[in-house]
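S.K.: This one is start.cif, mmCIF, C-alpha atoms.
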```cif
data_entry
loop_
_atom_site.label_atom_id
_atom_site.label_comp_id
_atom_site.auth_asym_id
_atom_site.auth_seq_id
_atom_site.Cartn_x
_atom_site.Cartn_y
_atom_site.Cartn_z
CA MET M 1 -14.89 160.79 -45.55
CA ASN M 2 -15.63 157.21 -46.53
CA GLU M 3 -13.62 154.96 -48.78
CA LYS M 4 -15.57 155.71 -51.96
CA GLU M 5 -15.33 159.46 -51.51
CA PHE M 6 -11.62 159.17 -50.87
CA ALA M 7 -11.15 157.05 -54.01
CA SER M 8 -13.09 159.47 -56.20
CA ARG M 9 -11.01 162.39 -54.95
CA LEU M 10 -7.78 160.51 -55.41
CA LYS M 11 -8.57 159.19 -58.89
CA PRO M 12 -7.86 162.40 -60.87
CA PHE M 13 -4.42 162.66 -59.26
CA LEU M 14 -3.63 159.06 -60.05
CA ASP M 15 -4.88 159.41 -63.63
CA ARG M 16 -2.73 162.48 -64.12
CA ALA M 17 0.29 160.70 -62.60
CA ALA M 18 -0.39 157.63 -64.74
CA ASP M 19 -0.21 159.75 -67.87
CA GLN M 20 3.26 160.83 -66.81
CA VAL M 21 4.54 157.26 -66.31
CA GLY M 22 7.12 156.37 -68.94
CA GLU M 23 6.98 153.20 -71.01
CA VAL M 24 9.72 151.46 -69.04
CA GLN M 25 8.01 152.22 -65.76
CA ALA M 26 4.66 151.12 -67.14
CA THR M 27 6.14 147.81 -68.26
CA LYS M 28 7.71 147.32 -64.82
CA LEU M 29 4.41 148.10 -63.13
CA ARG M 30 2.54 145.73 -65.44
CA SER M 31 4.97 142.87 -64.77
CA ALA M 32 4.86 143.58 -61.03
CA ARG M 33 1.06 143.36 -61.15
CA LEU M 34 1.23 140.03 -63.00
CA ARG M 35 3.73 138.68 -60.47
CA ALA M 36 1.42 139.77 -57.65
CA LEU M 37 -1.54 138.03 -59.31
CA ASP M 38 0.54 134.87 -59.80
CA ALA M 39 1.55 134.88 -56.18
CA TYR M 40 -2.02 135.35 -54.96
CA ARG M 41 -3.47 132.30 -53.20
CA GLU M 42 -6.88 131.72 -51.70
CA PRO M 43 -6.76 132.04 -47.91
CA VAL M 44 -6.10 128.73 -46.16
CA ARG M 45 -7.57 127.55 -42.87
CA LEU M 46 -5.02 126.83 -40.19
CA PHE M 47 -5.93 123.33 -38.87
CA GLY M 48 -9.27 123.88 -40.57
CA LEU M 49 -10.20 126.50 -38.03
CA VAL M 50 -8.55 129.87 -38.42
CA PRO M 51 -8.52 131.52 -41.86
CA VAL M 52 -5.03 132.76 -42.72
CA ALA M 53 -3.80 134.37 -45.94
CA ALA M 54 -1.85 131.80 -47.92
CA GLY M 55 1.26 133.96 -47.96
CA THR M 56 1.09 134.34 -44.21
CA ALA M 57 0.79 130.62 -43.73
CA HIS M 58 3.98 130.09 -45.73
CA THR M 59 6.05 132.84 -44.18
CA ILE M 60 4.69 132.85 -40.64
CA HIS M 61 7.34 132.46 -37.96
CA TYR M 62 6.24 130.58 -34.90
CA GLY M 63 7.50 131.36 -31.44
CA VAL M 64 8.66 128.64 -29.06
CA VAL M 65 5.30 128.50 -27.29
CA GLN M 66 3.42 128.42 -30.60
CA ARG M 67 5.63 125.60 -31.87
CA ALA M 68 4.98 123.70 -28.66
CA LEU M 69 1.24 124.22 -29.11
CA LEU M 70 1.44 122.87 -32.66
CA TRP M 71 2.94 119.64 -31.30
CA LEU M 72 0.35 119.43 -28.54
CA PRO M 73 -2.08 117.19 -30.50
CA ILE M 74 0.69 114.62 -31.09
CA ALA M 75 1.69 114.71 -27.43
CA ALA M 76 -1.96 114.28 -26.41
CA LEU M 77 -2.35 111.36 -28.81
CA LEU M 78 0.76 109.63 -27.48
CA ALA M 79 -0.38 110.11 -23.90
CA THR M 80 -3.83 108.71 -24.72
CA LEU M 81 -2.34 105.63 -26.37
CA ALA M 82 0.02 105.06 -23.44
CA ILE M 83 -2.82 105.29 -20.91
CA GLN M 84 -5.01 103.09 -23.08
CA SER M 85 -2.37 100.36 -23.26
CA MET M 86 -1.93 100.49 -19.48
CA ASN M 87 -5.68 100.16 -18.92
CA ASP M 88 -6.08 97.43 -21.50
CA VAL M 89 -5.36 94.50 -19.18
CA ASP M 90 -7.46 96.06 -16.43
CA ASP M 91 -10.39 96.51 -18.83
CA LEU M 92 -10.12 92.93 -20.00
CA GLY M 93 -9.77 91.73 -16.43
CA ASP M 94 -12.88 93.69 -15.52
CA LEU M 95 -14.76 92.26 -18.48
CA ASP M 96 -13.67 88.71 -17.64
CA ALA M 97 -14.65 89.20 -14.00
CA GLN M 98 -18.13 90.34 -15.05
CA LEU M 99 -18.47 87.50 -17.52
CA LEU M 100 -17.50 84.92 -14.90
CA THR M 101 -19.78 86.23 -12.19
CA GLN M 102 -23.05 86.94 -13.94
CA GLU M 103 -26.01 84.61 -14.14
CA LEU M 104 -25.06 82.51 -17.16
CA PRO M 105 -21.93 80.38 -17.33
CA PRO M 106 -19.26 81.23 -19.93
CA ASP M 107 -20.39 78.18 -21.90
CA ALA M 108 -23.59 79.98 -22.78
CA PHE M 109 -21.68 82.63 -24.65
CA ILE M 110 -20.07 80.17 -27.01
CA ASP M 111 -23.28 78.20 -27.43
CA GLN M 112 -24.38 78.43 -31.06
CA ASP M 113 -28.09 78.62 -30.15
CA PHE M 114 -27.49 81.46 -27.74
CA ARG M 115 -25.37 83.34 -30.24
CA SER M 116 -28.00 82.96 -32.92
CA TRP M 117 -30.79 84.20 -30.57
CA LEU M 118 -28.58 87.15 -29.71
CA GLY M 119 -27.98 87.89 -33.39
CA LYS M 120 -31.73 87.84 -34.02
CA SER M 121 -32.35 90.13 -31.06
CA HIS M 122 -29.93 92.68 -32.45
CA SER M 123 -31.40 92.63 -35.96
CA MET K 1 4.11 125.13 -42.77
CA ALA K 2 0.84 124.91 -40.85
CA ARG K 3 -0.59 122.65 -43.51
CA GLN K 4 2.53 120.48 -43.44
CA ILE K 5 2.28 120.15 -39.65
CA ALA K 6 -1.40 119.23 -39.91
CA GLN K 7 -0.50 116.55 -42.48
CA LEU K 8 2.32 115.33 -40.25
CA ILE K 9 -0.02 115.06 -37.26
CA ALA K 10 -2.52 113.06 -39.33
CA LEU K 11 0.26 110.76 -40.54
CA VAL K 12 1.70 110.23 -37.05
CA ALA K 13 -1.81 109.52 -35.71
CA ALA K 14 -2.40 106.88 -38.38
CA VAL K 15 1.01 105.24 -37.82
CA LEU K 16 0.52 105.21 -34.04
CA ALA K 17 -2.97 103.73 -34.32
CA ILE K 18 -1.75 100.90 -36.57
CA GLY K 19 1.42 100.47 -34.51
CA SER K 20 -0.41 100.19 -31.22
CA ALA K 21 -2.75 97.51 -32.60
CA VAL K 22 0.19 95.46 -33.90
CA ALA K 23 2.20 96.04 -30.71
CA ARG K 24 -0.72 94.89 -28.57
CA ASP K 25 -0.94 91.58 -30.41
CA ARG K 26 2.83 91.12 -30.28
CA GLY K 27 2.78 92.18 -26.65
CA ASP K 28 0.37 89.33 -25.95
CA LEU K 29 3.01 86.90 -27.09
CA LYS K 30 5.82 88.61 -25.26
CA THR K 31 4.07 89.12 -21.93
CA PRO K 32 6.36 87.46 -19.38
CA GLN K 33 4.98 84.76 -17.13
CA THR K 34 4.34 85.51 -13.48
CA PRO K 35 5.38 82.66 -11.17
CA TRP K 36 2.63 81.59 -8.76
CA HIS K 37 4.66 82.67 -5.72
CA GLN K 38 4.80 86.24 -7.11
CA VAL K 39 1.01 86.52 -7.44
CA PRO K 40 -0.35 88.68 -4.61
CA ARG K 41 -1.83 86.60 -1.80
CA GLU K 42 -5.34 87.99 -2.25
CA GLN K 43 -5.30 87.10 -5.95
CA GLN K 44 -3.85 83.67 -5.18
CA ARG K 45 -6.95 83.02 -3.11
CA ALA K 46 -9.23 83.91 -6.00
CA LEU K 47 -7.11 82.00 -8.52
CA GLN K 48 -6.77 78.87 -6.39
CA PRO K 49 -8.85 76.71 -8.80
CA VAL K 50 -6.27 77.24 -11.55
CA ALA K 51 -3.19 77.08 -9.32
CA PRO K 52 -2.09 73.62 -10.60
CA GLU K 53 -2.05 74.88 -14.20
CA TRP K 54 -0.77 78.38 -13.44
CA ASP K 55 2.88 77.91 -14.28
CA ARG K 56 2.02 76.37 -17.65
CA MET K 57 -0.19 79.29 -18.69
CA PRO K 58 1.16 81.93 -21.11
CA GLY K 59 1.95 85.32 -19.59
CA TYR K 60 -0.89 87.16 -21.31
CA GLN K 61 -3.45 84.75 -19.88
CA GLN K 62 -1.96 85.01 -16.41
CA GLN K 63 -2.19 88.79 -16.61
CA ARG K 64 -5.84 88.69 -17.63
CA LEU K 65 -6.72 86.24 -14.90
CA MET K 66 -4.92 88.43 -12.40
CA GLY K 67 -6.87 91.41 -13.76
CA ALA K 68 -10.12 89.51 -13.13
CA ALA K 69 -8.92 88.34 -9.70
CA ARG K 70 -8.27 91.96 -8.68
CA LYS K 71 -12.06 92.43 -8.67
CA TYR K 72 -12.58 89.43 -6.37
CA PRO K 73 -12.55 91.34 -3.05
CA GLU K 74 -15.35 93.63 -4.31
CA MET K 75 -17.58 90.74 -5.39
CA GLN K 76 -20.78 89.67 -3.65
CA PRO K 77 -20.71 86.16 -2.06
CA ILE K 78 -22.74 84.66 -4.92
CA GLN K 79 -20.36 86.24 -7.44
CA LYS K 80 -17.34 84.86 -5.60
CA GLU K 81 -18.96 81.43 -5.67
CA ARG K 82 -19.58 81.68 -9.41
CA PHE K 83 -16.08 83.00 -10.05
CA GLU K 84 -14.47 80.08 -8.23
CA ALA K 85 -16.76 77.53 -9.86
CA ARG K 86 -16.26 78.78 -13.40
CA LEU K 87 -12.62 79.82 -13.37
CA LYS K 88 -11.14 76.42 -14.20
CA ASP K 89 -13.43 75.92 -17.19
CA TRP K 90 -12.78 79.46 -18.36
CA ALA K 91 -9.03 78.96 -18.22
CA ALA K 92 -9.39 75.69 -20.10
CA MET K 93 -11.13 77.36 -23.03
CA SER K 94 -9.09 78.11 -26.12
CA PRO K 95 -8.16 81.77 -26.75
CA ASP K 96 -10.65 81.81 -29.63
CA GLN K 97 -13.45 80.51 -27.42
CA ARG K 98 -12.70 83.12 -24.76
CA ARG K 99 -12.66 85.86 -27.37
CA ALA K 100 -15.97 84.63 -28.82
CA ALA K 101 -17.48 84.47 -25.31
CA ARG K 102 -16.38 88.06 -24.56
CA GLU K 103 -17.87 89.29 -27.83
CA THR K 104 -21.18 87.54 -27.19
CA PHE K 105 -21.26 88.82 -23.61
CA GLN K 106 -20.64 92.37 -24.79
CA GLY K 107 -23.35 91.91 -27.41
CA LEU K 108 -25.76 90.79 -24.70
CA ARG K 109 -25.00 93.84 -22.58
CA LYS K 110 -25.99 96.11 -25.45
CA LEU K 111 -29.55 94.77 -25.38
CA PRO K 112 -32.25 96.33 -23.19
CA PRO K 113 -32.45 94.66 -19.72
CA GLU K 114 -35.77 92.92 -20.42
CA LYS K 115 -34.37 91.40 -23.62
CA GLN K 116 -31.24 90.26 -21.78
CA HIS K 117 -33.45 88.64 -19.15
CA GLU K 118 -35.52 86.91 -21.82
CA LEU K 119 -32.44 85.41 -23.49
CA ARG K 120 -30.98 84.26 -20.19
CA GLU K 121 -34.25 82.60 -19.19
CA ARG K 122 -34.52 80.95 -22.57
CA TRP K 123 -31.01 79.49 -22.33
CA ILE K 124 -31.54 78.29 -18.76
CA GLN K 125 -34.84 76.66 -19.69
CA GLN K 126 -33.31 74.93 -22.69
CA HIS K 127 -30.51 73.57 -20.54
CA GLY K 128 -32.96 71.99 -18.11
CA GLY K 129 -32.52 74.42 -15.22
CA GLU K 130 -29.24 72.83 -14.31
CA ASP K 131 -26.95 74.61 -11.91
CA VAL K 132 -25.61 77.33 -14.14
CA GLY K 133 -22.94 78.21 -11.63
CA ALA K 134 -21.32 74.82 -11.70
CA PRO K 135 -18.65 73.92 -14.21
CA ARG K 136 -19.92 71.78 -17.05
CA SER K 137 -18.18 69.38 -19.32
CA ARG K 138 -17.22 71.16 -22.51
CA GLY K 139 -14.21 71.34 -24.72
CA PRO K 140 -10.76 70.25 -23.61
CA SER K 141 -10.42 69.22 -19.99
CA THR K 142 -6.75 70.13 -20.19
CA PRO K 143 -6.07 73.62 -21.49
CA ASP K 144 -4.25 73.88 -24.77
CA TYR K 145 -1.70 76.57 -24.00
CA SER K 146 0.18 76.06 -27.23
CA ARG K 147 -2.45 77.92 -29.26
CA ALA K 148 -2.02 81.41 -30.54
CA PRO K 149 -3.30 84.02 -28.10
CA PRO K 150 -4.90 87.22 -29.10
CA ARG K 151 -7.59 88.30 -26.69
#
```
Can you turn what I pasted into structure tokens?

M.R.:
Amino acid sequence: MNEKEFASRLKPFLDRAADQVGEVQATKLRSARLRALDAYREPVRLFGLVPVAAGTAHTIHYGVVQRALLWLPIAALLATLAIQSMNDVDDLGDLDAQLLTQELPPDAFIDQDFRSWLGKSHS
Amino acid sequence: MARQIAQLIALVAAVLAIGSAVARDRGDLKTPQTPWHQVPREQQRALQPVAPEWDRMPGYQQQRLMGAARKYPEMQPIQKERFEARLKDWAAMSPDQRRAARETFQGLRKLPPEKQHELRERWIQQHGGEDVGAPRSRGPSTPDYSRAPPR
């Protein structure tokens, strides 16, 4: 039995039961429905990747490992910045070494003519 | 909560990025000097041309020269010759001149090899085929170490 067949079989029972619902109960049901509609939110995407129902996203309880994973991007970022700052002097040293040992003297690179030729070559 | 954490991560990333840039510039000024006798012997050999001025150089410049000198043992003989010949002039440049030279050099490296060759040849021809390895008179003969650093 598929969903539609099930619904059509169930409907008469629900209709009959609905007729028997008193006014107080009907009002309660109506207000409960409105509250449910108010609380409804479009699903959100966790970190823009995984779709999660909005309610779930607000009430979800993260385990220790999950919490650690959530902080992983910050830890990775901090590590990258630390490594980058350590390599900074080495990179500059490498660049300076290359600049000092290639064919042209450093003077050439502050020469206005050379800089203007270079600018034209790039454009 | 997930959205709040994502926002927090973005905020921390932005703060760290700005902070590291500021810290790097401040770090330049705070880099401690390295006395000549503490420079490794192999680097001392490479840095010999600037030895008389070494102790008057700011820490950040000493560190960068030491960084360049670390490559010295791997250099070809002609590169070593150029390094030694140009080092004194390089150290005598102002921080702004060195930064400009690095930028231009990096710009040159982005060009295709044949274009790089063409520009080099053009500059050498214009400067009368003089010995491009030898130091040339330009700018201050005595380095101005009082100027502001960055890069």

S.K.: Could you please tell me, as a PyMOL selection string, which residues of chain M have an atom within 6 Å of chain K when using all atoms listed in the file?

M.R.: chain M and resi 58+90+93-94+96-97+100-101+105+109-110

S.K.: Between K:Glu118, K:Val50, K:Pro112, K:Gln62, which is the closest to Leu92 (chain M) once you count all atoms listed in the file?

M.R.: K:Gln62

S.K.: So how far away is CA of Pro95 (chain K) from CA of Arg41 (chain K), in Å?

M.R.: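 Calculated distance between CA of Arg41 (chain K) and CA of Pro95 (chain K) is 26.2 Å.
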
S.K.: Report the distance between CA of Glu23 (chain M) and CA of Phe6 (chain M) in Å, rounded to one decimal place.

M.R.: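 Interatomic distance, CA of Glu23 (chain M) to CA of Phe6 (chain M): 28.1 Å.
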
S.K.: Kindly indicate which residue among K:Lys30, K:Pro73, K:Ser94, K:Leu11 lies nearest to Gln43 (chain K), using only C-alpha atoms for the distances.

M.R.: K:Pro73

S.K.: Which distance in Å separates CA of Asp111 (chain M) and CA of Ala91 (chain K), to one decimal?

M.R.: 17.0 Å
